[in-house]
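Okay, so here's the structure we're looking at.
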Amino acid sequence: MASRRRFTWAALVTPVVVISLLIAGWAVDTSVSSGEVPRNTELAGRGIGGLTESDLGISVAAVADEYAATEITIASGEETYRTTAGQLGLAIDEPATIDAALLIAEARALPARPFAWVGAIVSPNEVEPVFHVDSASLNAEMSRLEGDRRTAPVEPSVSFFLDSIVAVPGEPGQGIDVDAFADDLLRAADRAGLASFEVSVEPGPIAPKIADADAEALAAEALALTEDPITVAVGVDEVQIEPETQRSWITSDITEAGLTTTFDVELIQQSLKNQLSATAESPIDATFTIEGGVPVLVPGRSGTGCCAPDSGEKVLDALQSGVDRVELALIEREPDLTNEEAEALGIVAEVGSPGEFGPTTRHACCQNRVTNIHRISDIVRGAIILPGETFSVNDYVGKRTIEKGFVADGVIYDGVLTEDVGGGVSQFATTLFNAALFAGLDFGEYQSHSLYISRYPKGHEATISFPAPDLEIVNNTPFGVMIWPEYTDTSLTVRLYSTPFVQVGIGEPTSSPSGNCTRFTTPRTRTYPDGSTDNDTVSARYRPGEGISC
């Protein structure tokens with residue numbers, strides 16, 4: 001009887017002792033490993049038990065890198081797409097996965113934790129990775145995969161139309177709805193863990209994210225805000241800006257907050273400039289005139305303009321606060337060439353060493369072509385080529401037209417004599433070309449006459465037409481160069497004014513065959529203030545007769 005009682009007592013005491021030892025061992029191990037992953041824990045087959053948080057982060061990052069290459073198959077209707085987790089933006093959420101590993105023991109009920117601790121000695125704890133999807137990457141990849149099979153939805157907008165503000169309804173797209181698909185993708189990833197998987201999704205209409213009602217409400221607000229005129233005053237001048245003009249300033253945009261409407265301040269500023277242009281006074285550039293053969297500065301002056309840089313904001317503030325009148329300030333506008341800048345250009349004397357030819361060509365009196373020569377001279381007179389800049393005759397003068405004062409006369413097109421408005425202006429081009437040649441300037445585009453004309457120097461002359469050929473003069477000096485044509489009834493002179501900078505010598509042209517044509521090449525030597533020299537050439541190619549090609 002006594003032995004039975006001893007056996008019964010032992011049977012009762014032994015489990016209590018075992019459980020106590022179990023709890024004590026778990027408690028000791030837990031206190032020792034606080035801040036570490038519980039023993040015998042794995043992530044994707046990697047042992048992570050006992051790792052500190054920083055070391056765990058390295059292991060989780062390595063798993064995440066490997067997961068990016070995991071193959072994923074998407075079955076969509078009759079189409080099958082193959083891609084990877086990384087391309088889809090499906091990735092391991094590293095911070096959440098780290099937390100899951102560190103808290104794996106706490107995830108169980110407290111009474112069960114010592115038994116789970118014992119179980120982990122035999123069988124490892126497996127940490128399930130936590131996934132997330134980057135929506136931008138998912139959108140980009142699905143657009144790539146679906147290609148032409150996908151049409152994006154058109155979001156509603158607010159637009160200015162027929163002097164009013166209207167709501168433009170959105171339109172559904174077609175394809176895989178990426179927002180809904182992201183949830184399917186996460187569920188499939190949770191089931192598959194780190195393995196490849198297939199997910200099915202049906203294509204269909206893709207609804208706009210913004211409701212048409214939101215656009216209609218915004219349009220109504222914009223109409224209410226712009227239902228009354230607003231008066232804008234600049235000095236003694238006033239202009240009334242009507243509601244339809246105000247509404248033309250409104251634009252809509254899609255932001256993180258949804259559809260929004262805004263007033264475009266740049267549109268307001270431009271509108272004010274247009275409507276208040278009469279209040280502005282244009283600046284006048286500094287120029288030069290010639291008195292007794294010497295350049296004399298003609299001072300320019302500043303002007304005014306509408307409106308000050310903050311004018312758009314002021315008008316917008318008035319609209320939004322319900323004020324019906326706003327006063328604005330003009331701004332000072334500097335001329336393109338100020339007096340100080342003009343003085344610094346060094347335009348002080350005539351430049352060039354024309355020698356035998358001179359900067360003058362001659363012509364018979366009283367022909368239509370003389371009218372054109374005089375007209376183009378008047379347009380170009382006073383033009384300044386800034387240091388390093390290129391002067392294009394065609395860009396500066398534009399097309400020669402009757403409206404500009406030009407008349408019809410003889411021209412040469414492709415070696416054939418004919419007639420066109422502006423005929424004869426090539427004499428201006430030849431005279432300007434030689435003035436620049438003897439002044440030591442460089443050339444961009446230029447072309448000689450196709451037929452030799454005896455009144456021009458053979459081998460160094462130029463023609464122009466519109467839009468080509470052009471005559472381009474390059475100012476290769478550190479000073480400004482002013483073009484100053486002068487004429488009589490029988491002559492044209494083009495003078496250039498600057499600071500003397502280079503001495504020029506022109507050699508005799510030499511000829512050489514060029515197919516059926518003859519090319520004449522004229523050498524030039526330029527000597528600079530430091531004593532250095534350079535040599536270049538200009539050339540002309542002439543046909544042997546009218547209608548004969550090279």
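Scheme for the structure tokens: letters A, B, ... for chains in order shown; per-chain residue numbers from 1; ligand numbers from 1 in order shown.
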
Item to check | All helix (DSSP H, G or I) positions in segment 144-349 of chain A, as a ChimeraX atom specification | outcome: /A:144-149,178-192,212-225,243-247,265-275,277-279,311-321,339-343

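The list of residues with at least one atom within 9 Å of segment 159-164 of chain A, based on only C-alpha atoms and without residues fewer than 6 positions apart in the same chain, reads Ala219, Leu223, Pro243, Glu244, Thr245, Arg247, Ser248, Trp249, Ile250, Thr251 and Ser252 of chain A.
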
Next on the checklist: Just want the 10 Å neighbourhood of Glu78 of chain A, counted on only C-alpha atoms, with same-chain residues fewer than 3 positions away dropped. Output as a PyMOL selection string.
Outcome noted: chain A and resi 75+202-203

Write the residues you've just listed into a file as a PDB file, in the first residue's frame, and include N, CA and C atoms for each of them.
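Generated file (result.pdb):
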ATOM      1  N   ALA A  75      -1.446  34.219 -66.409  1.00  0.00           N
ATOM      2  CA  ALA A  75      -2.409  33.727 -67.399  1.00  0.00           C
ATOM      3  C   ALA A  75      -3.551  34.739 -67.471  1.00  0.00           C
ATOM      4  N   GLU A 202      -8.198  37.995 -65.378  1.00  0.00           N
ATOM      5  CA  GLU A 202      -8.934  38.232 -66.614  1.00  0.00           C
ATOM      6  C   GLU A 202      -8.862  39.714 -67.003  1.00  0.00           C
ATOM      7  N   PRO A 203      -8.564  39.987 -68.281  1.00  0.00           N
ATOM      8  CA  PRO A 203      -8.599  41.381 -68.722  1.00  0.00           C
ATOM      9  C   PRO A 203     -10.033  41.885 -68.792  1.00  0.00           C
TER      10      PRO A 203
END

Checklist entry - What lies within 9 Å of Ile241 of chain A using only C-alpha atoms, ignoring chain neighbours under 4 positions off, as a ChimeraX atom specification? => result /A:229-232,245-246,272,275

Those same residues - N, CA and C atoms - I'd like them written as an mmCIF file, in the first residue's frame.
data_model
loop_
_atom_site.group_PDB
_atom_site.id
_atom_site.type_symbol
_atom_site.label_atom_id
_atom_site.label_comp_id
_atom_site.auth_asym_id
_atom_site.auth_seq_id
_atom_site.Cartn_x
_atom_site.Cartn_y
_atom_site.Cartn_z
ATOM 1 N N PRO A 229 -16.386 90.223 -63.892
ATOM 2 C CA PRO A 229 -15.169 90.836 -64.430
ATOM 3 C C PRO A 229 -14.278 91.327 -63.289
ATOM 4 N N ILE A 230 -13.006 91.533 -63.617
ATOM 5 C CA ILE A 230 -12.074 92.106 -62.656
ATOM 6 C C ILE A 230 -11.329 93.237 -63.353
ATOM 7 N N THR A 231 -11.176 94.364 -62.683
ATOM 8 C CA THR A 231 -10.512 95.529 -63.260
ATOM 9 C C THR A 231 -9.047 95.531 -62.850
ATOM 10 N N VAL A 232 -8.176 95.703 -63.856
ATOM 11 C CA VAL A 232 -6.738 95.759 -63.611
ATOM 12 C C VAL A 232 -6.268 97.151 -63.998
ATOM 13 N N THR A 245 -12.002 85.412 -70.263
ATOM 14 C CA THR A 245 -10.542 85.470 -70.244
ATOM 15 C C THR A 245 -10.005 84.822 -68.969
ATOM 16 N N GLN A 246 -10.641 85.108 -67.846
ATOM 17 C CA GLN A 246 -10.224 84.497 -66.590
ATOM 18 C C GLN A 246 -10.281 82.976 -66.681
ATOM 19 N N LEU A 272 -2.093 89.471 -69.258
ATOM 20 C CA LEU A 272 -1.942 90.859 -68.832
ATOM 21 C C LEU A 272 -1.035 91.620 -69.796
ATOM 22 N N GLN A 275 -3.090 92.374 -72.988
ATOM 23 C CA GLN A 275 -4.182 93.334 -72.841
ATOM 24 C C GLN A 275 -3.702 94.716 -72.424
#

Checklist entry - Restricting the calculation to only C-alpha atoms, which member of A:Met142, A:Ser196, A:Asp179, A:Ser282 is positioned closest to Ala68 of chain A? => result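 Closest to Ala68 of chain A, using only C-alpha atoms: A:Ser196.
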
Item to check | Gly170 of chain A environment, 7 Å, only C-alpha atoms, sequence neighbours closer than 3 positions dropped, as number ranges by chain | outcome: A: 154-156, 208, 212

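Distances from A:Ala101, A:Glu71, A:Lys458, A:Pro478 to Gly50 of chain A were compared using only C-alpha atoms, and the smallest one belongs to A:Ala101.
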
Next on the checklist: Set the distance at 9 Å and use only C-alpha atoms: which residues neighbour Ala61 of chain A once local chain neighbours fewer than 5 positions away are removed? I'd like the list as a PyMOL selection string.
Outcome noted: chain A and resi 56+66+92+94

How would the residues just chosen look if you wrote them out with N, CA and C atoms as a PDB file, in the first residue's frame?
ATOM      1  N   LEU A  56      20.837  39.831 -39.221  1.00  0.00           N
ATOM      2  CA  LEU A  56      19.602  39.338 -39.835  1.00  0.00           C
ATOM      3  C   LEU A  56      19.250  40.172 -41.069  1.00  0.00           C
ATOM      4  N   GLU A  66      17.807  37.528 -54.261  1.00  0.00           N
ATOM      5  CA  GLU A  66      17.580  36.292 -55.007  1.00  0.00           C
ATOM      6  C   GLU A  66      16.131  36.203 -55.484  1.00  0.00           C
ATOM      7  N   ILE A  92      10.297  41.226 -51.404  1.00  0.00           N
ATOM      8  CA  ILE A  92      10.220  40.937 -49.970  1.00  0.00           C
ATOM      9  C   ILE A  92      10.273  42.250 -49.216  1.00  0.00           C
ATOM     10  N   GLU A  94      11.537  43.876 -46.540  1.00  0.00           N
ATOM     11  CA  GLU A  94      12.641  43.513 -45.648  1.00  0.00           C
ATOM     12  C   GLU A  94      12.392  43.913 -44.197  1.00  0.00           C
TER      13      GLU A  94
END

Checklist entry - atom CA of Lys404 of chain A to atom CA of His374 of chain A: how many Å, to one decimal? => result 12.2 Å
